[in-house]
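Coordinates as given in entry-v1.pdb (PDB, C-alpha atoms):
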```pdb
ATOM      1  CA  MET H   1     131.790  37.234  16.182
ATOM      2  CA  GLY H   2     132.911  35.521  19.388
ATOM      3  CA  THR H   3     130.872  32.761  21.008
ATOM      4  CA  ARG H   4     131.191  29.799  23.298
ATOM      5  CA  GLY H   5     131.506  26.498  21.482
ATOM      6  CA  SER H   6     128.406  24.758  22.863
ATOM      7  CA  ALA H   7     125.632  23.752  20.490
ATOM      8  CA  LEU H   8     123.264  26.287  22.063
ATOM      9  CA  ALA H   9     125.796  29.138  21.960
ATOM     10  CA  LEU H  10     126.538  28.409  18.303
ATOM     11  CA  ALA H  11     122.832  28.297  17.462
ATOM     12  CA  GLN H  12     122.282  31.645  19.186
ATOM     13  CA  THR H  13     125.249  33.210  17.420
ATOM     14  CA  GLY H  14     124.000  31.800  14.135
ATOM     15  CA  ILE H  15     120.760  33.765  14.536
ATOM     16  CA  ILE H  16     122.694  37.048  14.717
ATOM     17  CA  ALA H  17     125.169  36.030  12.003
ATOM     18  CA  ASP H  18     122.330  35.188   9.599
ATOM     19  CA  ALA H  19     120.674  38.554  10.217
ATOM     20  CA  LEU H  20     123.924  40.383   9.499
ATOM     21  CA  ARG H  21     124.557  38.335   6.361
ATOM     22  CA  ARG H  22     121.074  39.189   5.105
ATOM     23  CA  ALA H  23     122.061  42.825   5.615
ATOM     24  CA  GLY H  24     125.063  42.251   3.343
ATOM     25  CA  GLU H  25     127.791  41.858   5.965
ATOM     26  CA  ASN H  26     130.599  39.291   5.949
ATOM     27  CA  VAL H  27     130.664  37.356   9.218
ATOM     28  CA  GLU H  28     133.196  34.962  10.733
ATOM     29  CA  ILE H  29     132.273  32.999  13.872
ATOM     30  CA  VAL H  30     135.109  32.450  16.370
ATOM     31  CA  LYS H  31     134.763  29.882  19.175
ATOM     32  CA  VAL H  32     136.161  31.030  22.512
ATOM     33  CA  SER H  33     136.794  28.502  25.277
ATOM     34  CA  THR H  34     135.709  29.745  28.721
ATOM     35  CA  PRO H  35     136.700  28.561  32.224
ATOM     36  CA  GLY H  36     133.093  27.540  32.792
ATOM     37  CA  ASP H  37     133.224  25.150  29.839
ATOM     38  CA  ARG H  38     136.341  23.505  31.259
ATOM     39  CA  SER H  39     135.079  23.171  34.840
ATOM     40  CA  HIS H  40     132.927  20.400  36.297
ATOM     41  CA  ALA H  41     132.274  22.264  39.561
ATOM     42  CA  PRO H  42     128.701  23.238  40.483
ATOM     43  CA  ILE H  43     127.508  26.577  39.106
ATOM     44  CA  ALA H  44     126.939  27.819  42.667
ATOM     45  CA  GLU H  45     130.681  27.466  43.306
ATOM     46  CA  ILE H  46     132.088  28.963  40.108
ATOM     47  CA  GLY H  47     129.418  31.546  39.224
ATOM     48  CA  VAL H  48     127.944  32.189  35.791
ATOM     49  CA  GLY H  49     130.429  34.995  35.069
ATOM     50  CA  VAL H  50     133.007  32.386  34.058
ATOM     51  CA  PHE H  51     130.997  31.788  30.890
ATOM     52  CA  THR H  52     131.122  35.424  29.789
ATOM     53  CA  SER H  53     134.482  36.763  30.997
ATOM     54  CA  ALA H  54     136.589  35.025  28.327
ATOM     55  CA  LEU H  55     134.341  36.366  25.552
ATOM     56  CA  ARG H  56     134.645  39.886  26.902
ATOM     57  CA  GLU H  57     138.430  39.540  27.179
ATOM     58  CA  ALA H  58     138.590  38.442  23.524
ATOM     59  CA  LEU H  59     136.445  41.439  22.566
ATOM     60  CA  LEU H  60     138.616  43.935  24.436
ATOM     61  CA  ALA H  61     141.775  42.331  22.993
ATOM     62  CA  LYS H  62     140.290  42.839  19.485
ATOM     63  CA  GLN H  63     140.396  39.118  18.775
ATOM     64  CA  VAL H  64     136.696  39.446  17.910
ATOM     65  CA  ASP H  65     134.530  42.473  17.074
ATOM     66  CA  VAL H  66     131.275  41.205  18.558
ATOM     67  CA  ALA H  67     130.449  38.924  21.505
ATOM     68  CA  ILE H  68     127.169  37.016  21.807
ATOM     69  CA  HIS H  69     125.887  35.987  25.234
ATOM     70  CA  SER H  70     122.808  34.499  26.814
ATOM     71  CA  TYR H  71     121.766  37.750  28.463
ATOM     72  CA  LYS H  72     120.807  36.102  31.755
ATOM     73  CA  ASP H  73     124.438  34.939  32.177
ATOM     74  CA  LEU H  74     125.899  38.456  32.154
ATOM     75  CA  PRO H  75     126.889  40.132  35.437
ATOM     76  CA  THR H  76     124.636  43.090  36.220
ATOM     77  CA  ALA H  77     127.557  45.532  36.566
ATOM     78  CA  PRO H  78     128.671  47.195  33.286
ATOM     79  CA  GLU H  79     132.044  46.242  31.814
ATOM     80  CA  PRO H  80     134.369  49.197  31.020
ATOM     81  CA  GLY H  81     135.122  49.484  27.314
ATOM     82  CA  ILE H  82     132.134  47.382  26.258
ATOM     83  CA  VAL H  83     128.674  48.472  25.126
ATOM     84  CA  LEU H  84     125.447  46.498  24.849
ATOM     85  CA  ALA H  85     124.988  47.163  21.151
ATOM     86  CA  ALA H  86     121.823  45.118  20.597
ATOM     87  CA  VAL H  87     119.198  43.017  22.334
ATOM     88  CA  PRO H  88     117.470  40.956  19.613
ATOM     89  CA  GLN H  89     113.828  39.907  19.744
ATOM     90  CA  ARG H  90     113.353  37.576  22.661
ATOM     91  CA  GLU H  91     112.513  33.899  22.416
ATOM     92  CA  ASP H  92     109.762  32.586  24.734
ATOM     93  CA  PRO H  93     111.183  33.342  28.222
ATOM     94  CA  ARG H  94     109.271  30.659  30.142
ATOM     95  CA  ASP H  95     110.685  27.543  31.783
ATOM     96  CA  ALA H  96     109.832  24.113  30.401
ATOM     97  CA  LEU H  97     109.383  20.661  31.910
ATOM     98  CA  ILE H  98     110.638  17.557  30.148
ATOM     99  CA  ALA H  99     109.259  14.562  32.013
ATOM    100  CA  ARG H 100     109.079  10.811  31.534
ATOM    101  CA  ASP H 101     105.973   9.375  29.886
ATOM    102  CA  GLY H 102     104.859  12.825  28.714
ATOM    103  CA  LEU H 103     103.813  13.860  32.231
ATOM    104  CA  THR H 104     103.072  17.417  33.342
ATOM    105  CA  LEU H 105     104.270  18.872  36.634
ATOM    106  CA  GLY H 106     100.949  18.202  38.348
ATOM    107  CA  GLU H 107     100.921  14.604  37.092
ATOM    108  CA  LEU H 108     104.314  13.694  38.583
ATOM    109  CA  PRO H 109     103.677  11.570  41.701
ATOM    110  CA  PRO H 110     105.087  12.736  45.066
ATOM    111  CA  GLY H 111     108.709  11.691  45.465
ATOM    112  CA  SER H 112     109.489  12.108  41.755
ATOM    113  CA  THR H 113     112.995  13.404  41.060
ATOM    114  CA  VAL H 114     113.215  16.687  39.152
ATOM    115  CA  GLY H 115     116.616  18.029  38.075
ATOM    116  CA  THR H 116     117.639  21.677  37.760
ATOM    117  CA  GLY H 117     120.810  23.705  38.243
ATOM    118  CA  ALA H 118     118.994  26.881  39.321
ATOM    119  CA  ALA H 119     118.258  27.959  42.888
ATOM    120  CA  ARG H 120     115.386  30.039  41.506
ATOM    121  CA  ARG H 121     113.740  26.957  39.998
ATOM    122  CA  MET H 122     114.449  24.841  43.091
ATOM    123  CA  ALA H 123     112.740  27.367  45.342
ATOM    124  CA  GLN H 124     109.672  27.788  43.156
ATOM    125  CA  LEU H 125     109.278  24.042  42.628
ATOM    126  CA  ARG H 126     109.439  23.417  46.377
ATOM    127  CA  ALA H 127     106.978  26.219  47.044
ATOM    128  CA  LEU H 128     104.366  24.453  44.889
ATOM    129  CA  GLY H 129     104.109  21.811  47.611
ATOM    130  CA  LEU H 130     103.938  18.837  45.236
ATOM    131  CA  GLY H 131     106.289  16.653  47.283
ATOM    132  CA  LEU H 132     108.892  16.461  44.534
ATOM    133  CA  GLU H 133     112.546  15.650  45.184
ATOM    134  CA  ILE H 134     114.615  18.440  43.611
ATOM    135  CA  VAL H 135     118.038  17.277  42.387
ATOM    136  CA  PRO H 136     120.845  19.768  41.528
ATOM    137  CA  ILE H 137     122.356  19.104  38.084
ATOM    138  CA  ARG H 138     124.519  20.876  35.501
ATOM    139  CA  GLY H 139     125.696  20.174  31.979
ATOM    140  CA  ASN H 140     124.532  21.039  28.491
ATOM    141  CA  ILE H 141     120.994  20.439  27.252
ATOM    142  CA  ASP H 142     121.789  16.986  25.833
ATOM    143  CA  THR H 143     123.315  15.878  29.142
ATOM    144  CA  ARG H 144     120.304  17.042  31.122
ATOM    145  CA  LEU H 145     117.710  15.539  28.801
ATOM    146  CA  ARG H 146     119.572  12.238  28.799
ATOM    147  CA  LYS H 147     119.060  11.974  32.559
ATOM    148  CA  VAL H 148     115.338  11.628  31.835
ATOM    149  CA  THR H 149     115.559   9.291  28.847
ATOM    150  CA  ASP H 150     118.022   7.063  30.749
ATOM    151  CA  GLY H 151     115.714   6.918  33.770
ATOM    152  CA  GLU H 152     118.122   8.652  36.163
ATOM    153  CA  LEU H 153     115.555  11.419  36.777
ATOM    154  CA  ASP H 154     111.801  11.643  36.330
ATOM    155  CA  ALA H 155     112.012  15.144  34.860
ATOM    156  CA  VAL H 156     114.196  18.184  34.299
ATOM    157  CA  VAL H 157     113.357  21.874  34.046
ATOM    158  CA  LEU H 158     115.124  23.940  31.374
ATOM    159  CA  ALA H 159     114.645  27.267  29.646
ATOM    160  CA  ARG H 160     112.188  26.829  26.780
ATOM    161  CA  ALA H 161     114.218  29.249  24.660
ATOM    162  CA  GLY H 162     117.278  27.017  24.517
ATOM    163  CA  LEU H 163     115.233  23.988  23.501
ATOM    164  CA  ALA H 164     113.472  25.990  20.797
ATOM    165  CA  ARG H 165     116.727  27.338  19.375
ATOM    166  CA  LEU H 166     118.093  23.793  19.131
ATOM    167  CA  GLY H 167     114.935  22.507  17.460
ATOM    168  CA  ARG H 168     113.999  20.374  20.469
ATOM    169  CA  ALA H 169     110.825  22.099  21.658
ATOM    170  CA  GLY H 170     108.895  18.975  20.685
ATOM    171  CA  GLU H 171     110.388  17.179  23.692
ATOM    172  CA  ILE H 172     108.738  19.586  26.146
ATOM    173  CA  THR H 173     105.926  17.957  28.120
ATOM    174  CA  GLU H 174     104.748  21.221  29.730
ATOM    175  CA  THR H 175     105.626  24.896  29.354
ATOM    176  CA  LEU H 176     105.387  26.307  32.862
ATOM    177  CA  ASP H 177     103.080  29.247  33.439
ATOM    178  CA  PRO H 178     104.889  32.244  35.005
ATOM    179  CA  ILE H 179     102.289  32.118  37.774
ATOM    180  CA  GLN H 180     103.924  28.820  38.795
ATOM    181  CA  MET H 181     107.496  29.757  37.964
ATOM    182  CA  LEU H 182     108.818  33.178  37.030
ATOM    183  CA  PRO H 183     111.860  32.889  34.721
ATOM    184  CA  ALA H 184     115.316  34.289  35.370
ATOM    185  CA  PRO H 185     115.759  37.995  34.566
ATOM    186  CA  ALA H 186     116.479  38.281  30.807
ATOM    187  CA  GLN H 187     115.825  34.574  30.179
ATOM    188  CA  GLY H 188     115.284  33.917  26.468
ATOM    189  CA  ALA H 189     117.100  37.123  25.477
ATOM    190  CA  LEU H 190     120.504  37.507  23.844
ATOM    191  CA  ALA H 191     123.054  40.238  24.561
ATOM    192  CA  VAL H 192     125.158  41.414  21.611
ATOM    193  CA  GLU H 193     128.206  43.368  22.777
ATOM    194  CA  SER H 194     130.817  45.417  20.952
ATOM    195  CA  ARG H 195     133.607  47.806  21.954
ATOM    196  CA  VAL H 196     132.656  51.317  23.052
ATOM    197  CA  ASP H 197     135.073  52.875  20.561
ATOM    198  CA  ASP H 198     133.777  50.797  17.627
ATOM    199  CA  VAL H 199     130.860  53.096  16.826
ATOM    200  CA  ASP H 200     130.257  51.764  13.302
ATOM    201  CA  ILE H 201     129.759  48.186  14.494
ATOM    202  CA  GLU H 202     127.571  49.339  17.365
ATOM    203  CA  HIS H 203     125.320  51.251  14.959
ATOM    204  CA  LEU H 204     125.234  48.304  12.548
ATOM    205  CA  LEU H 205     124.161  45.890  15.279
ATOM    206  CA  ARG H 206     121.567  48.238  16.736
ATOM    207  CA  SER H 207     119.999  48.997  13.364
ATOM    208  CA  THR H 208     120.034  45.357  12.252
ATOM    209  CA  VAL H 209     119.140  43.141  15.217
ATOM    210  CA  ASP H 210     118.044  45.307  18.176
ATOM    211  CA  ASP H 211     114.416  44.958  19.326
ATOM    212  CA  GLU H 212     113.148  47.951  21.287
ATOM    213  CA  ALA H 213     110.435  46.105  23.225
ATOM    214  CA  THR H 214     112.762  43.299  24.279
ATOM    215  CA  ARG H 215     115.445  45.763  25.366
ATOM    216  CA  ALA H 216     112.938  47.667  27.503
ATOM    217  CA  ALA H 217     111.584  44.494  29.131
ATOM    218  CA  VAL H 218     114.940  42.998  30.044
ATOM    219  CA  THR H 219     116.241  46.387  31.216
ATOM    220  CA  ALA H 220     113.458  46.413  33.816
ATOM    221  CA  GLU H 221     114.153  42.814  34.864
ATOM    222  CA  ARG H 222     117.893  43.268  35.244
ATOM    223  CA  ALA H 223     117.511  46.610  37.023
ATOM    224  CA  MET H 224     115.407  44.756  39.594
ATOM    225  CA  LEU H 225     118.070  42.069  39.934
ATOM    226  CA  ALA H 226     120.887  44.614  40.266
ATOM    227  CA  ALA H 227     119.002  46.602  42.899
ATOM    228  CA  LEU H 228     118.495  43.452  44.962
ATOM    229  CA  GLU H 229     122.302  43.204  45.006
ATOM    230  CA  GLY H 230     122.094  39.503  44.343
ATOM    231  CA  GLY H 231     123.903  39.424  41.033
ATOM    232  CA  CYS H 232     123.306  36.617  38.574
ATOM    233  CA  SER H 233     123.477  33.929  41.267
ATOM    234  CA  ALA H 234     120.552  35.145  43.369
ATOM    235  CA  PRO H 235     117.350  33.066  43.638
ATOM    236  CA  VAL H 236     115.347  35.769  41.888
ATOM    237  CA  GLY H 237     112.780  35.570  39.093
ATOM    238  CA  ALA H 238     111.408  38.386  36.965
ATOM    239  CA  LEU H 239     109.309  38.860  33.856
ATOM    240  CA  ALA H 240     108.475  42.136  32.150
ATOM    241  CA  GLU H 241     106.186  42.675  29.174
ATOM    242  CA  VAL H 242     105.408  45.705  27.054
ATOM    243  CA  VAL H 243     101.635  46.178  27.170
ATOM    244  CA  GLU H 244      99.196  48.685  25.684
ATOM    245  CA  ASP H 245      97.353  50.978  28.072
ATOM    246  CA  LEU H 246      95.135  54.068  27.863
ATOM    247  CA  ASP H 247      96.107  57.459  29.222
ATOM    248  CA  ALA H 248      93.707  59.947  30.835
ATOM    249  CA  ASP H 249      92.630  61.189  27.390
ATOM    250  CA  GLY H 250      91.906  57.702  26.077
ATOM    251  CA  SER H 251      95.000  57.600  23.863
ATOM    252  CA  VAL H 252      96.865  54.310  23.516
ATOM    253  CA  LEU H 253     100.366  54.223  24.952
ATOM    254  CA  GLU H 254     102.888  51.513  25.792
ATOM    255  CA  ARG H 255     103.787  50.615  29.344
ATOM    256  CA  ILE H 256     105.947  47.945  30.959
ATOM    257  CA  SER H 257     104.403  45.421  33.330
ATOM    258  CA  LEU H 258     106.954  43.793  35.662
ATOM    259  CA  ARG H 259     106.502  40.839  38.024
ATOM    260  CA  GLY H 260     109.200  39.764  40.453
ATOM    261  CA  VAL H 261     109.796  36.987  42.969
ATOM    262  CA  ALA H 262     112.516  36.404  45.550
ATOM    263  CA  ALA H 263     112.950  33.184  47.481
ATOM    264  CA  ALA H 264     114.143  32.635  51.031
ATOM    265  CA  GLY H 265     114.655  29.512  53.099
ATOM    266  CA  LEU H 266     116.312  27.455  50.365
ATOM    267  CA  ASP H 267     118.197  25.275  52.839
ATOM    268  CA  GLY H 268     115.066  23.801  54.368
ATOM    269  CA  GLU H 269     111.969  22.049  53.139
ATOM    270  CA  SER H 270     109.866  25.164  53.725
ATOM    271  CA  VAL H 271     110.380  27.896  51.132
ATOM    272  CA  GLU H 272     109.028  31.422  51.369
ATOM    273  CA  LEU H 273     108.366  33.255  48.113
ATOM    274  CA  ILE H 274     108.073  37.021  48.153
ATOM    275  CA  ARG H 275     106.202  38.420  45.144
ATOM    276  CA  ALA H 276     105.440  41.885  43.816
ATOM    277  CA  SER H 277     104.388  43.545  40.556
ATOM    278  CA  ALA H 278     104.353  47.061  39.132
ATOM    279  CA  LEU H 279     103.595  49.072  36.007
ATOM    280  CA  ALA H 280     105.392  52.068  34.458
ATOM    281  CA  ASP H 281     105.775  53.962  31.203
ATOM    282  CA  LYS H 282     107.942  52.218  28.615
ATOM    283  CA  GLY H 283     110.683  54.831  28.927
ATOM    284  CA  GLU H 284     111.024  54.224  32.670
ATOM    285  CA  ALA H 285     112.147  50.585  32.531
ATOM    286  CA  GLU H 286     115.180  50.995  34.762
ATOM    287  CA  ARG H 287     113.330  52.970  37.413
ATOM    288  CA  LEU H 288     110.535  50.376  37.366
ATOM    289  CA  GLY H 289     113.014  47.604  38.108
ATOM    290  CA  ARG H 290     114.588  49.537  40.979
ATOM    291  CA  ASP H 291     111.198  50.422  42.442
ATOM    292  CA  LEU H 292     110.014  46.811  42.360
ATOM    293  CA  ALA H 293     113.248  45.676  44.004
ATOM    294  CA  ALA H 294     112.670  48.225  46.772
ATOM    295  CA  GLU H 295     109.171  46.834  47.291
ATOM    296  CA  LEU H 296     110.500  43.270  47.457
ATOM    297  CA  LEU H 297     113.103  44.376  50.010
ATOM    298  CA  ASP H 298     110.388  46.069  52.080
ATOM    299  CA  LEU H 299     108.450  42.788  52.012
ATOM    300  CA  GLY H 300     111.456  40.872  53.340
ATOM    301  CA  ALA H 301     113.544  39.938  50.324
ATOM    302  CA  GLY H 302     116.666  41.047  52.181
ATOM    303  CA  ALA H 303     116.592  37.639  53.875
ATOM    304  CA  LEU H 304     117.549  35.808  50.669
ATOM    305  CA  SER H 305     119.519  32.661  51.323
ATOM    306  CA  GLY H 306     121.695  30.311  49.353
ATOM    307  CA  PRO H 307     123.730  31.024  46.216
ATOM    308  CA  GLY H 308     122.807  29.384  42.937
ATOM    309  CA  ARG H 309     122.189  30.060  39.325
ATOM    310  CA  ASN H 310     118.997  31.781  38.178
TER
END
```
Go ahead and express the file in the form of structure tokens.
Amino acid sequence: MGTRGSALALAQTGIIADALRRAGENVEIVKVSTPGDRSHAPIAEIGVGVFTSALREALLAKQVDVAIHSYKDLPTAPEPGIVLAAVPQREDPRDALIARDGLTLGELPPGSTVGTGAARRMAQLRALGLGLEIVPIRGNIDTRLRKVTDGELDAVVLARAGLARLGRAGEITETLDPIQMLPAPAQGALAVESRVDDVDIEHLLRSTVDDEATRAAVTAERAMLAALEGGCSAPVGALAEVVEDLDADGSVLERISLRGVAAAGLDGESVELIRASALADKGEAERLGRDLAAELLDLGAGALSGPGRN
């Protein structure tokens, strides 16, 4: 199994490795160094694809049989020769605030510095109108949290899932409601890839670690992102959930509820957020994402500005 060498990547890969070992499989974890790990340039300049390309190259070269990614880091376009074999059960997809003195977002005084590497988070934080100073940062979770404990920043915003997987959820001072901040498409989900011609491994992964509801939800989110033609660097947020509904006969059936947001005006102090939501049958996840993207575009999302990580 190929993975990046960061603490978070290893923890995520360990989840899948443990599940396969419980199923009786022998697993070896192989660390793969990526250009993104070796670069200190801002994410907006290098793009998140640099974190996944080296893993995919190792997979295609048969140096590893399986590649584990944070799903939100994957480009939306499919990679020839590679199949998404499994999408495991998702961790909590919401964003989390880690602030000095245990403060929540609403308790931070105007002028407080809040660090994030994501254009999506920057836009939604500014749109709240709290008078916060948003500071672009990058680095691993330890590096970002240290900026708060050392007093360099008043707070940082990170994905709750990463903190939970590293056993650091106790440091969160507020988990942000999606009404305030919609997460990145596929945030909290993992993507487990294998080679198209390796049918046995694909079937093993799908039968062992794939979660149908998670796969459906993130399919809708990423279809929305792809249809907006923004790729992984667009300031776009999305969250889908599988919900129970009643049909015309009163029978219970599962549907997918999808909410989306696109931000414009990132270069100025004034930020416009364009929001939309939709509902569809569970088997129509991809169409739901495309339809919601079309609605966002009709509402003006074509005026998106500024590159940056989700």
(request) Could you expand the PyMOL selection byres ((chain H and resi 77) around 12) into the explicit residues it covers here, written as a list in words? (result) Gly49, Asp73, Leu74, Pro75, Thr76, Pro78, Glu79, Pro80, Ile82, Val83, Leu84, Arg222, Ala223, Leu225, Ala226, Ala227, Glu229, Gly230, Gly231 and Cys232 of chain H
(request) Step by step, work through what the PyMOL selection byres ((chain H and resi 120) around 6) selects in the shown file, and finish by giving those residues as a PyMOL selection string. (result) chain H and resi 118-119+121-123+235-236+310
Can you write just those residues out, C-alpha atoms, as an mmCIF file, in the coordinates of the input?
```
data_model
loop_
_atom_site.group_PDB
_atom_site.id
_atom_site.type_symbol
_atom_site.label_atom_id
_atom_site.label_comp_id
_atom_site.auth_asym_id
_atom_site.auth_seq_id
_atom_site.Cartn_x
_atom_site.Cartn_y
_atom_site.Cartn_z
ATOM 1 C CA ALA H 118 118.994 26.881 39.321
ATOM 2 C CA ALA H 119 118.258 27.959 42.888
ATOM 3 C CA ARG H 121 113.740 26.957 39.998
ATOM 4 C CA MET H 122 114.449 24.841 43.091
ATOM 5 C CA ALA H 123 112.740 27.367 45.342
ATOM 6 C CA PRO H 235 117.350 33.066 43.638
ATOM 7 C CA VAL H 236 115.347 35.769 41.888
ATOM 8 C CA ASN H 310 118.997 31.781 38.178
#
```
(request) One decimal, Å: what's the distance from atom CA of Gly111 of chain H over to atom CA of Ile98 of chain H, could you say? (result)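 Going from atom CA of Gly111 of chain H over to atom CA of Ile98 of chain H covers 16.5 Å.
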(message) Between H:Glu284, H:Gly250, H:Leu55, H:Asp65, which residue has the minimum interatomic distance to Glu28 of chain H, considering all atoms listed in the file?
(response) H:Asp65
(message) Measuring between only C-alpha atoms, which one of H:Gly81, H:Pro93, H:Pro185, H:Gly24 shows the shortest distance to Asp197 of chain H?
(response) H:Gly81
(message) I'd like the contact shell of Ser194 of chain H - 12 Å cut-off, all atoms listed in the file, skipping same-chain residues fewer than 3 positions apart - returned as a PyMOL selection string.
(response) chain H and resi 1-2+55-69+79-87+191+197-206
(request) Rank H:Ser70, H:Ser277, H:Asn26, H:Ser53 by their smallest atom-to-atom distance to Gly188 of chain H, using all atoms listed in the file, and report the top residue only. (result)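 Smallest distance to Gly188 of chain H is found for H:Ser70.
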(message) My list of candidates is H:Ala99, H:Leu145, H:Ile274, H:Ala127. Which is closest to Leu299 of chain H when distances are computed with all atoms listed in the file?
(response)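 The answer is H:Ile274, which sits nearest to Leu299 of chain H.
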(request) Work out how far apart atom CA of Ala184 of chain H and atom CA of Leu239 of chain H are and give it in Å to one decimal. (result)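 Straight-line distance from atom CA of Ala184 of chain H to atom CA of Leu239 of chain H works out to 7.7 Å.
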(request) Please indicate the distance in Å from atom CA of Arg144 of chain H to atom CA of Val156 of chain H, rounded to one decimal place. (result)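 These two atoms are separated by 7.0 Å.
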With all atoms of segment 121-139 of chain H from the file as input, state the centre and edge lengths in Å to one decimal of the axis-aligned box that has 6 Å extra on each side, as AutoDock Vina command-line options.
```
--center_x 114.8 --center_y 21.7 --center_z 39.8 --size_x 33.8 --size_y 24.1 --size_z 27.6
```
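Using only C-alpha atoms, the nearest neighbour of Pro183 of chain H within the list H:Arg287, H:Lys282, H:Arg168, H:Lys72 is H:Lys72.
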